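Asks: Just so it is clear, I am handing over query22.pdb, which has PDB, C-alpha atoms and all ligand atoms.
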ATOM      1  CA  MET B   1     105.924 108.421  93.072
ATOM      2  CA  ARG B   2     104.896 111.866  94.230
ATOM      3  CA  LYS B   3     106.714 114.117  96.651
ATOM      4  CA  THR B   4     106.431 112.245  99.901
ATOM      5  CA  GLU B   5     106.797 112.828 103.580
ATOM      6  CA  PRO B   6     110.035 111.404 104.974
ATOM      7  CA  ARG B   7     109.616 107.647 105.275
ATOM      8  CA  VAL B   8     111.545 104.748 106.711
ATOM      9  CA  PRO B   9     111.605 101.900 104.166
ATOM     10  CA  GLN B  10     113.236  98.527 104.675
ATOM     11  CA  ALA B  11     116.946  98.931 104.041
ATOM     12  CA  GLN B  12     120.036  96.766 104.068
ATOM     13  CA  VAL B  13     123.721  97.014 103.248
ATOM     14  CA  THR B  14     125.034  94.377 100.865
ATOM     15  CA  LEU B  15     128.486  93.306  99.749
ATOM     16  CA  ARG B  16     129.433  90.470  97.434
ATOM     17  CA  ALA B  17     130.237  87.247  99.288
ATOM     18  CA  TYR B  18     129.062  88.612 102.640
ATOM     19  CA  GLN B  19     125.758  88.365 104.473
ATOM     20  CA  PRO B  20     123.694  91.561 104.132
ATOM     21  CA  ALA B  21     123.733  93.787 107.213
ATOM     22  CA  PRO B  22     120.904  95.934 108.558
ATOM     23  CA  ALA B  23     120.481  99.635 107.964
ATOM     24  CA  ARG B  24     117.977 102.310 108.801
ATOM     25  CA  ILE B  25     117.326 105.202 106.479
ATOM     26  CA  GLU B  26     114.849 108.046 106.499
ATOM     27  CA  LEU B  27     114.325 109.659 103.112
ATOM     28  CA  SER B  28     111.893 111.316 100.785
ATOM     29  CA  TYR B  29     111.519 111.227  97.024
ATOM     30  CA  ARG B  30     112.471 114.372  95.118
ATOM     31  CA  PRO B  31     110.018 114.778  92.262
ATOM     32  CA  LEU B  32     111.196 115.320  88.702
ATOM     33  CA  PRO B  33     110.097 118.976  88.206
ATOM     34  CA  GLY B  34     112.048 120.083  91.294
ATOM     35  CA  ARG B  35     115.160 118.204  90.190
ATOM     36  CA  LEU B  36     114.903 119.613  86.698
ATOM     37  CA  ALA B  37     114.541 123.147  88.071
ATOM     38  CA  ARG B  38     117.606 122.752  90.305
ATOM     39  CA  THR B  39     119.620 121.262  87.453
ATOM     40  CA  LEU B  40     118.833 124.203  85.190
ATOM     41  CA  LEU B  41     119.439 126.648  88.021
ATOM     42  CA  ALA B  42     122.912 125.198  88.682
ATOM     43  CA  LEU B  43     123.814 125.420  84.996
ATOM     44  CA  GLY B  44     122.256 128.872  84.634
ATOM     45  CA  VAL B  45     124.038 130.392  87.613
ATOM     46  CA  PHE B  46     127.513 128.907  87.107
ATOM     47  CA  TRP B  47     127.687 128.811  83.327
ATOM     48  CA  GLY B  48     125.919 132.153  83.127
ATOM     49  CA  ALA B  49     128.667 133.590  85.333
ATOM     50  CA  ILE B  50     131.429 132.500  82.942
ATOM     51  CA  PRO B  51     131.327 135.632  80.697
ATOM     52  CA  VAL B  52     131.470 137.779  83.849
ATOM     53  CA  VAL B  53     134.245 136.017  85.775
ATOM     54  CA  ALA B  54     136.302 135.743  82.579
ATOM     55  CA  TRP B  55     137.088 139.453  83.063
ATOM     56  CA  VAL B  56     138.595 138.871  86.487
ATOM     57  CA  PRO B  57     142.340 138.133  86.512
ATOM     58  CA  PRO B  58     143.751 135.499  86.363
ATOM     59  CA  HIS B  59     140.783 134.752  84.050
ATOM     60  CA  TYR B  60     141.303 131.132  83.084
ATOM     61  CA  PRO B  61     140.954 129.429  86.524
ATOM     62  CA  TRP B  62     137.627 131.201  87.174
ATOM     63  CA  VAL B  63     136.229 130.016  83.867
ATOM     64  CA  VAL B  64     137.244 126.421  84.522
ATOM     65  CA  ALA B  65     135.972 126.533  88.114
ATOM     66  CA  SER B  66     132.567 127.914  87.077
ATOM     67  CA  PHE B  67     132.244 125.360  84.309
ATOM     68  CA  VAL B  68     133.140 122.409  86.554
ATOM     69  CA  ALA B  69     131.032 123.599  89.506
ATOM     70  CA  GLY B  70     128.008 124.038  87.271
ATOM     71  CA  LEU B  71     128.468 120.589  85.786
ATOM     72  CA  TYR B  72     128.960 118.959  89.179
ATOM     73  CA  LEU B  73     125.983 120.600  90.870
ATOM     74  CA  ALA B  74     123.745 119.994  87.857
ATOM     75  CA  HIS B  75     124.686 116.317  87.783
ATOM     76  CA  ARG B  76     124.065 115.994  91.500
ATOM     77  CA  ALA B  77     120.709 117.785  91.322
ATOM     78  CA  TRP B  78     119.651 115.575  88.451
ATOM     79  CA  THR B  79     120.747 112.174  89.773
ATOM     80  CA  GLY B  80     119.945 112.695  93.471
ATOM     81  CA  ARG B  81     116.483 111.192  93.375
ATOM     82  CA  TYR B  82     116.176 110.872  97.149
ATOM     83  CA  ARG B  83     116.752 113.302  99.939
ATOM     84  CA  VAL B  84     118.214 111.634 103.035
ATOM     85  CA  TYR B  85     117.289 112.867 106.505
ATOM     86  CA  SER B  86     119.065 110.250 108.562
ATOM     87  CA  PHE B  87     121.083 107.123 107.958
ATOM     88  CA  ALA B  88     122.734 104.475 110.084
ATOM     89  CA  GLY B  89     123.990 101.115 108.969
ATOM     90  CA  ILE B  90     126.415  98.313 109.642
ATOM     91  CA  CYS B  91     129.204  97.144 107.366
ATOM     92  CA  PRO B  92     128.531  93.569 106.167
ATOM     93  CA  ARG B  93     132.254  92.805 106.235
ATOM     94  CA  CYS B  94     133.554  94.202 109.532
ATOM     95  CA  ALA B  95     130.264  94.932 111.357
ATOM     96  CA  ARG B  96     131.362  98.462 112.257
ATOM     97  CA  PRO B  97     128.946 101.356 111.930
ATOM     98  CA  ILE B  98     128.889 102.937 108.517
ATOM     99  CA  SER B  99     127.766 106.447 107.637
ATOM    100  CA  LEU B 100     126.605 108.187 104.522
ATOM    101  CA  GLY B 101     129.052 111.055 104.403
ATOM    102  CA  LEU B 102     127.904 114.542 103.606
ATOM    103  CA  ASP B 103     125.997 113.839 100.428
ATOM    104  CA  ARG B 104     122.311 114.076 101.252
ATOM    105  CA  ALA B 105     120.913 113.766  97.742
ATOM    106  CA  ILE B 106     121.438 110.223  96.497
ATOM    107  CA  SER B 107     120.152 107.741  93.977
ATOM    108  CA  LEU B 108     119.457 104.113  94.823
ATOM    109  CA  PRO B 109     121.103 101.688  95.188
ATOM    110  CA  HIS B 110     123.827 103.840  96.664
ATOM    111  CA  THR B 111     127.484 102.895  97.056
ATOM    112  CA  LEU B 112     128.806 103.429 100.583
ATOM    113  CA  THR B 113     132.364 103.500 101.837
ATOM    114  CA  CYS B 114     133.360 101.703 105.026
ATOM    115  CA  TYR B 115     136.160 103.716 106.626
ATOM    116  CA  HIS B 116     137.227 100.767 108.771
ATOM    117  CA  CYS B 117     137.790  98.004 106.239
ATOM    118  CA  HIS B 118     137.817 100.236 103.117
ATOM    119  CA  PHE B 119     135.349  98.122 101.211
ATOM    120  CA  GLU B 120     132.451  99.625  99.301
ATOM    121  CA  PRO B 121     129.173  97.951 100.195
ATOM    122  CA  ARG B 122     125.878  98.918  98.606
ATOM    123  CA  LEU B 123     122.832 100.414 100.262
ATOM    124  CA  GLU B 124     119.643  98.780  99.034
ATOM    125  CA  VAL B 125     116.146  99.941  99.909
ATOM    126  CA  ARG B 126     112.788  98.256  99.504
ATOM    127  CA  PHE B 127     109.739 100.492  99.519
ATOM    128  CA  GLU B 128     106.858  98.063  99.189
ATOM    129  CA  ALA B 129     104.982  96.644 102.125
ATOM    130  CA  THR B 130     105.656  98.322 105.411
ATOM    131  CA  GLN B 131     104.773  95.026 107.009
ATOM    132  CA  SER B 132     101.708  94.557 109.116
ATOM    133  CA  GLY B 133     100.879  91.607 111.309
ATOM    134  CA  PRO B 134     103.139  90.096 113.946
ATOM    135  CA  ALA B 135     106.635  91.534 114.341
ATOM    136  CA  PRO B 136     109.323  89.346 112.701
ATOM    137  CA  LEU B 137     111.373  87.134 115.011
ATOM    138  CA  PRO B 138     115.166  86.969 114.900
ATOM    139  CA  GLN B 139     116.493  84.380 112.516
ATOM    140  CA  HIS B 140     120.063  83.567 111.562
ATOM    141  CA  ARG B 141     120.884  83.981 107.901
ATOM    142  CA  ARG B 142     122.655  80.642 107.958
ATOM    143  CA  PRO B 143     120.956  77.811 109.835
ATOM    144  CA  GLU B 144     124.266  76.601 111.302
ATOM    145  CA  CYS B 145     125.181  80.059 112.684
ATOM    146  CA  VAL B 146     126.114  80.005 116.382
ATOM    147  CA  GLY B 147     126.353  83.780 116.897
ATOM    148  CA  LEU B 148     124.825  85.591 119.852
ATOM    149  CA  TRP B 149     122.026  88.139 119.576
ATOM    150  CA  GLU B 150     122.705  91.655 120.716
ATOM    151  CA  VAL B 151     120.631  94.826 120.710
ATOM    152  CA  ARG B 152     122.119  97.664 118.686
ATOM    153  CA  TRP B 153     120.680 101.047 117.862
ATOM    154  CA  LEU B 154     120.547 102.212 114.286
ATOM    155  CA  ALA B 155     119.638 105.902 114.393
ATOM    156  CA  ASP B 156     116.386 105.967 116.408
ATOM    157  CA  ASP B 157     115.451 102.298 116.267
ATOM    158  CA  PRO B 158     116.765  99.354 118.282
ATOM    159  CA  PHE B 159     117.485  96.146 116.357
ATOM    160  CA  VAL B 160     118.256  92.627 117.502
ATOM    161  CA  ILE B 161     121.346  91.671 115.527
ATOM    162  CA  CYS B 162     123.411  88.482 115.339
ATOM    163  CA  ASN B 163     127.083  89.207 116.020
ATOM    164  CA  ARG B 164     128.193  86.637 113.425
ATOM    165  CA  CYS B 165     125.807  86.479 110.483
ATOM    166  CA  HIS B 166     124.304  89.983 110.998
ATOM    167  CA  GLY B 167     120.769  88.669 110.711
ATOM    168  CA  ALA B 168     118.594  91.408 112.161
ATOM    169  CA  VAL B 169     115.025  92.370 112.960
ATOM    170  CA  PRO B 170     113.533  95.370 114.784
ATOM    171  CA  ALA B 171     113.830  94.824 118.545
ATOM    172  CA  SER B 172     110.182  94.247 119.361
ATOM    173  CA  ARG B 173     109.319  92.658 122.700
ATOM    174  CA  GLY B 174     108.782  89.289 121.063
ATOM    175  CA  ALA B 175     112.066  89.515 119.186
ATOM    176  CA  ARG B 176     114.000  90.420 122.357
ATOM    177  CA  LEU B 177     112.440  87.506 124.220
ATOM    178  CA  VAL B 178     113.355  84.991 121.518
ATOM    179  CA  ALA B 179     116.871  86.464 121.309
ATOM    180  CA  GLU B 180     117.429  86.167 125.082
ATOM    181  CA  THR B 181     116.189  82.589 125.140
ATOM    182  CA  GLU B 182     118.454  81.639 122.236
ATOM    183  CA  ASN B 183     121.435  83.398 123.815
ATOM    184  CA  ASP B 184     120.915  81.535 127.113
ATOM    185  CA  ARG B 185     120.758  78.258 125.269
ATOM    186  CA  ALA B 186     123.837  79.039 123.178
ATOM    187  CA  MET B 187     125.875  80.029 126.246
ATOM    188  CA  LEU B 188     124.781  76.904 128.080
ATOM    189  CA  LEU B 189     125.827  74.764 125.125
ATOM    190  CA  ALA B 190     129.180  76.539 124.931
ATOM    191  CA  ARG B 191     129.788  75.945 128.666
ATOM    192  CA  LEU B 192     128.846  72.287 128.405
ATOM    193  CA  ALA B 193     131.177  71.897 125.441
ATOM    194  CA  ARG B 194     134.037  73.504 127.415
ATOM    195  CA  GLU B 195     133.456  71.339 130.454
ATOM    196  CA  GLY B 196     133.091  68.255 128.315
ATOM    197  CA  ARG B 197     136.469  68.971 126.724
ATOM    198  CA  ARG B 198     138.073  69.455 130.137
ATOM    199  CA  MET B 199     136.762  66.092 131.295
ATOM    200  CA  LEU B 200     138.210  64.215 128.345
TER     201      LEU B 200
HETATM  202 ZN    ZN G   1     133.795  97.505 106.939
HETATM  203 ZN    ZN G   2     123.747  84.361 113.219
END
Once more with this new file: its structure as structure tokens, please.
Replies:
Amino acid sequence: MRKTEPRVPQAQVTLRAYQPAPARIELSYRPLPGRLARTLLALGVFWGAIPVVAWVPPHYPWVVASFVAGLYLAHRAWTGRYRVYSFAGICPRCARPISLGLDRAISLPHTLTCYHCHFEPRLEVRFEATQSGPAPLPQHRRPECVGLWEVRWLADDPFVICNRCHGAVPASRGARLVAETENDRAMLLARLAREGRRML
């Protein structure tokens, strides 16, 4: 893959034993020569500084700090294959919003941290096929799911998301229409069930 314009691939947040939750990410690929150059630069600057800072009292801490900083930045420059411009996602476990933190150079799949439930779901991205044709319609991830559809914004894009199984599709007009119809039906069923119970 060559250096690309920022793009918005299909993304989702996964966690073992939970239904995947939607995410939206905007990123670009950082080509190998650039990463290599930054890696060498980090090592050159920080390790190259070691003979100099070793003269400054109290000597030893500066040497260790330069060594570690060089190693850390070099590792980050080398492994961060993607540059992230924006990210928004939902935790598969607690359905709260999840953020990427400050690190903007990542590799994929990337491990996220949910600060609400303290689990570590994984960000997965699929690059192939920015789909053409009709917009996908909302579909529960489990056929027996009785959740309601709601519209939630992930960064700049609205999604129709199930509040139980976290099934999600972009909130196109068609998707919103289907979601509203299903919600009406689900609420009607719930009311009938309540009234039926009262009558028994
Ligand atoms: Zn969570
Ligand atoms: Zn559902």
Asks: Considering all atoms listed in the file, return as a list in words whatever protein or nucleic-acid residues lie within 12 Å of Thr111 (chain B), sequence-local ones (same chain, fewer than 2 positions apart) excluded.
Replies: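 Close residues of Thr111 (chain B): Gln12, Val13, Thr14, Leu15, Cys91, Ile98, Ser99, Leu100, Gly101, Asp103, Ile106, Ser107, Leu108, Pro109, Thr113, Cys114, Phe119, Glu120, Pro121, Arg122, Leu123 and Glu124 of chain B.
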Asks: Could you tell me which of B:Pro58, B:Pro92, B:Pro138, B:Gly80 comes closest to Val178 (chain B) if we count only C-alpha atoms?
Replies: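 Among B:Pro58, B:Pro92, B:Pro138, B:Gly80, it is B:Pro138 that comes nearest to Val178 (chain B).
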Asks: Which residues sit within 9 Å of ligand ZN 2 (chain G), counting all atoms listed in the file, listed as a PyMOL selection string?
Replies: chain B and resi 139-149+161-168
Asks: Between B:Arg104, B:Arg83, B:Arg24, B:His116, which one has atoms that come closest to ligand ZN 1 (chain G), using all atoms listed in the file?
Replies: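 Looking at the shortest contact to ligand ZN 1 (chain G), the residue is B:His116.
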Asks: Leu40 (chain B): which residues within 12 Å, counting only C-alpha atoms, same-chain residues fewer than 2 positions away excluded, as a compact mmCIF listing (two decimals) with C-alpha atoms, in the frame of the given file?
Replies:
# COMPACT_ATOMS: atom_id res chain seq x y z
CA PRO B 33 110.10 118.98 88.21
CA GLY B 34 112.05 120.08 91.29
CA ARG B 35 115.16 118.20 90.19
CA LEU B 36 114.90 119.61 86.70
CA ALA B 37 114.54 123.15 88.07
CA ARG B 38 117.61 122.75 90.30
CA ALA B 42 122.91 125.20 88.68
CA LEU B 43 123.81 125.42 85.00
CA GLY B 44 122.26 128.87 84.63
CA VAL B 45 124.04 130.39 87.61
CA PHE B 46 127.51 128.91 87.11
CA TRP B 47 127.69 128.81 83.33
CA GLY B 48 125.92 132.15 83.13
CA GLY B 70 128.01 124.04 87.27
CA LEU B 71 128.47 120.59 85.79
CA LEU B 73 125.98 120.60 90.87
CA ALA B 74 123.74 119.99 87.86
CA HIS B 75 124.69 116.32 87.78
CA ARG B 76 124.06 115.99 91.50
CA ALA B 77 120.71 117.78 91.32
CA TRP B 78 119.65 115.58 88.45
Asks: Got a sec to resolve the PyMOL selection byres (((chain B and resi 157) around 10) and not hetatm) on this structure and send the residues as a list of chain:residue names?
Replies: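 Output of the PyMOL selection byres (((chain B and resi 157) around 10) and not hetatm): B:Arg24, B:Ala88, B:Arg152, B:Trp153, B:Leu154, B:Ala155, B:Asp156, B:Pro158, B:Phe159, B:Pro170, B:Ala171.
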Asks: So, with all atoms listed in the file as the atoms that count, which of B:Ala179, B:Val63, B:Val160, B:Ile50 lies closest to Pro22 (chain B)?
Replies: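 With all atoms listed in the file as the atom set, the closest residue is B:Val160.
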Asks: Return the single residue from B:Val53, B:Ala135, B:Ala21, B:His59 that is closest to Ala95 (chain B), with distances computed using all atoms listed in the file.
Replies: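 Closest to Ala95 (chain B), using all atoms listed in the file: B:Ala21.
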Asks: So, with only C-alpha atoms as the atoms that count, which of B:Val169, B:Ala49, B:Leu27, B:Ala190 lies closest to Arg81 (chain B)?
Replies: B:Leu27
Asks: Report, in Å with one decimal, the straight-line distance from CA of Ala105 (chain B) to CA of Val64 (chain B).
Replies: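 Between CA of Ala105 (chain B) and CA of Val64 (chain B) the gap works out to 24.5 Å.
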Asks: I need the output of the PyMOL selection byres (((chain B and resi 6) around 7) and not hetatm) for this file as an MDAnalysis selection string; which residues are they?
Replies: chainID B and resid 4:5 7 26:28
Asks: Calculated over all atoms listed in the file, which of the candidates B:Val151, B:Ala11, B:Leu32, B:Leu177 has the smallest distance to Tyr82 (chain B)?
Replies: B:Leu32
Asks: Work out how far CA of Gln19 (chain B) is from CA of Leu137 (chain B), in Å to one decimal.
Replies: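 Distance between the two atoms: 17.9 Å.
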Asks: Do you know which residues lie at most 7 Å from (114.0, 101.6, 104.0), with coordinates as in the file and all atoms listed in the file counted, and could you write them as an NGL selection string?
Replies: :B and (8-11 or 24-26 or 125-127)
Asks: Those residues with C-alpha atoms, as a PDB file, in the frame of the given file please?
Replies:
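And here is the file that came out, result-v6.pdb:
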ATOM      1  CA  VAL B   8     111.545 104.748 106.711  1.00  0.00           C
ATOM      2  CA  PRO B   9     111.605 101.900 104.166  1.00  0.00           C
ATOM      3  CA  GLN B  10     113.236  98.527 104.675  1.00  0.00           C
ATOM      4  CA  ALA B  11     116.946  98.931 104.041  1.00  0.00           C
ATOM      5  CA  ARG B  24     117.977 102.310 108.801  1.00  0.00           C
ATOM      6  CA  ILE B  25     117.326 105.202 106.479  1.00  0.00           C
ATOM      7  CA  GLU B  26     114.849 108.046 106.499  1.00  0.00           C
ATOM      8  CA  VAL B 125     116.146  99.941  99.909  1.00  0.00           C
ATOM      9  CA  ARG B 126     112.788  98.256  99.504  1.00  0.00           C
ATOM     10  CA  PHE B 127     109.739 100.492  99.519  1.00  0.00           C
TER      11      PHE B 127
END
Asks: Rounded to one decimal place, report the CA of Ala17 (chain B)-CA of Arg96 (chain B) distance in Å.
Replies: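 Rounded to one decimal, the two atoms are 17.2 Å apart.
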Asks: Emit region 162-187 of chain B of the structure in the block as a file comprising N, CA and C atoms, as a PDB file, in the first residue's frame.
Replies:
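Once written, part-v6.pdb looks like this:
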ATOM      1  N   CYS B 162     -28.327  -0.996  17.580  1.00  0.00           N
ATOM      2  CA  CYS B 162     -29.220  -1.692  18.506  1.00  0.00           C
ATOM      3  C   CYS B 162     -28.689  -1.513  19.927  1.00  0.00           C
ATOM      4  N   ASN B 163     -29.589  -1.186  20.861  1.00  0.00           N
ATOM      5  CA  ASN B 163     -29.128  -0.923  22.231  1.00  0.00           C
ATOM      6  C   ASN B 163     -28.866  -2.207  23.023  1.00  0.00           C
ATOM      7  N   ARG B 164     -29.117  -3.365  22.421  1.00  0.00           N
ATOM      8  CA  ARG B 164     -28.799  -4.623  23.107  1.00  0.00           C
ATOM      9  C   ARG B 164     -27.631  -5.346  22.459  1.00  0.00           C
ATOM     10  N   CYS B 165     -27.781  -5.667  21.163  1.00  0.00           N
ATOM     11  CA  CYS B 165     -26.762  -6.511  20.526  1.00  0.00           C
ATOM     12  C   CYS B 165     -25.703  -5.674  19.819  1.00  0.00           C
ATOM     13  N   HIS B 166     -25.887  -4.347  19.764  1.00  0.00           N
ATOM     14  CA  HIS B 166     -24.921  -3.431  19.138  1.00  0.00           C
ATOM     15  C   HIS B 166     -24.749  -3.671  17.656  1.00  0.00           C
ATOM     16  N   GLY B 167     -25.698  -4.344  17.024  1.00  0.00           N
ATOM     17  CA  GLY B 167     -25.692  -4.398  15.564  1.00  0.00           C
ATOM     18  C   GLY B 167     -25.820  -2.982  15.049  1.00  0.00           C
ATOM     19  N   ALA B 168     -25.088  -2.640  13.988  1.00  0.00           N
ATOM     20  CA  ALA B 168     -25.083  -1.249  13.551  1.00  0.00           C
ATOM     21  C   ALA B 168     -24.843  -1.127  12.064  1.00  0.00           C
ATOM     22  N   VAL B 169     -25.481  -0.150  11.454  1.00  0.00           N
ATOM     23  CA  VAL B 169     -25.191   0.215  10.067  1.00  0.00           C
ATOM     24  C   VAL B 169     -25.222   1.737   9.974  1.00  0.00           C
ATOM     25  N   PRO B 170     -24.576   2.309   8.946  1.00  0.00           N
ATOM     26  CA  PRO B 170     -24.670   3.763   8.767  1.00  0.00           C
ATOM     27  C   PRO B 170     -26.130   4.191   8.644  1.00  0.00           C
ATOM     28  N   ALA B 171     -26.457   5.344   9.237  1.00  0.00           N
ATOM     29  CA  ALA B 171     -27.863   5.775   9.305  1.00  0.00           C
ATOM     30  C   ALA B 171     -28.293   6.415   7.993  1.00  0.00           C
ATOM     31  N   SER B 172     -28.430   5.593   6.966  1.00  0.00           N
ATOM     32  CA  SER B 172     -28.991   6.090   5.709  1.00  0.00           C
ATOM     33  C   SER B 172     -30.489   6.275   5.898  1.00  0.00           C
ATOM     34  N   ARG B 173     -31.142   6.901   4.925  1.00  0.00           N
ATOM     35  CA  ARG B 173     -32.587   7.108   5.038  1.00  0.00           C
ATOM     36  C   ARG B 173     -33.322   5.787   5.159  1.00  0.00           C
ATOM     37  N   GLY B 174     -32.924   4.832   4.294  1.00  0.00           N
ATOM     38  CA  GLY B 174     -33.566   3.524   4.318  1.00  0.00           C
ATOM     39  C   GLY B 174     -33.390   2.845   5.660  1.00  0.00           C
ATOM     40  N   ALA B 175     -32.173   2.926   6.196  1.00  0.00           N
ATOM     41  CA  ALA B 175     -31.876   2.277   7.472  1.00  0.00           C
ATOM     42  C   ALA B 175     -32.703   2.898   8.599  1.00  0.00           C
ATOM     43  N   ARG B 176     -32.814   4.231   8.597  1.00  0.00           N
ATOM     44  CA  ARG B 176     -33.615   4.907   9.634  1.00  0.00           C
ATOM     45  C   ARG B 176     -35.076   4.482   9.566  1.00  0.00           C
ATOM     46  N   LEU B 177     -35.577   4.369   8.329  1.00  0.00           N
ATOM     47  CA  LEU B 177     -36.984   4.003   8.141  1.00  0.00           C
ATOM     48  C   LEU B 177     -37.250   2.615   8.693  1.00  0.00           C
ATOM     49  N   VAL B 178     -36.384   1.662   8.331  1.00  0.00           N
ATOM     50  CA  VAL B 178     -36.545   0.287   8.816  1.00  0.00           C
ATOM     51  C   VAL B 178     -36.462   0.274  10.343  1.00  0.00           C
ATOM     52  N   ALA B 179     -35.490   1.031  10.896  1.00  0.00           N
ATOM     53  CA  ALA B 179     -35.296   1.054  12.341  1.00  0.00           C
ATOM     54  C   ALA B 179     -36.547   1.585  13.045  1.00  0.00           C
ATOM     55  N   GLU B 180     -37.123   2.678  12.508  1.00  0.00           N
ATOM     56  CA  GLU B 180     -38.326   3.248  13.146  1.00  0.00           C
ATOM     57  C   GLU B 180     -39.483   2.271  13.108  1.00  0.00           C
ATOM     58  N   THR B 181     -39.660   1.623  11.953  1.00  0.00           N
ATOM     59  CA  THR B 181     -40.750   0.650  11.835  1.00  0.00           C
ATOM     60  C   THR B 181     -40.571  -0.478  12.847  1.00  0.00           C
ATOM     61  N   GLU B 182     -39.342  -0.992  12.945  1.00  0.00           N
ATOM     62  CA  GLU B 182     -39.088  -2.094  13.878  1.00  0.00           C
ATOM     63  C   GLU B 182     -39.281  -1.651  15.325  1.00  0.00           C
ATOM     64  N   ASN B 183     -38.847  -0.432  15.630  1.00  0.00           N
ATOM     65  CA  ASN B 183     -39.026   0.084  16.996  1.00  0.00           C
ATOM     66  C   ASN B 183     -40.510   0.180  17.343  1.00  0.00           C
ATOM     67  N   ASP B 184     -41.307   0.732  16.412  1.00  0.00           N
ATOM     68  CA  ASP B 184     -42.757   0.848  16.658  1.00  0.00           C
ATOM     69  C   ASP B 184     -43.351  -0.524  16.951  1.00  0.00           C
ATOM     70  N   ARG B 185     -42.949  -1.492  16.134  1.00  0.00           N
ATOM     71  CA  ARG B 185     -43.504  -2.824  16.306  1.00  0.00           C
ATOM     72  C   ARG B 185     -43.073  -3.399  17.663  1.00  0.00           C
ATOM     73  N   ALA B 186     -41.808  -3.225  17.996  1.00  0.00           N
ATOM     74  CA  ALA B 186     -41.298  -3.777  19.254  1.00  0.00           C
ATOM     75  C   ALA B 186     -42.000  -3.149  20.453  1.00  0.00           C
ATOM     76  N   MET B 187     -42.246  -1.815  20.375  1.00  0.00           N
ATOM     77  CA  MET B 187     -42.900  -1.158  21.515  1.00  0.00           C
ATOM     78  C   MET B 187     -44.347  -1.586  21.625  1.00  0.00           C
TER      79      MET B 187
END
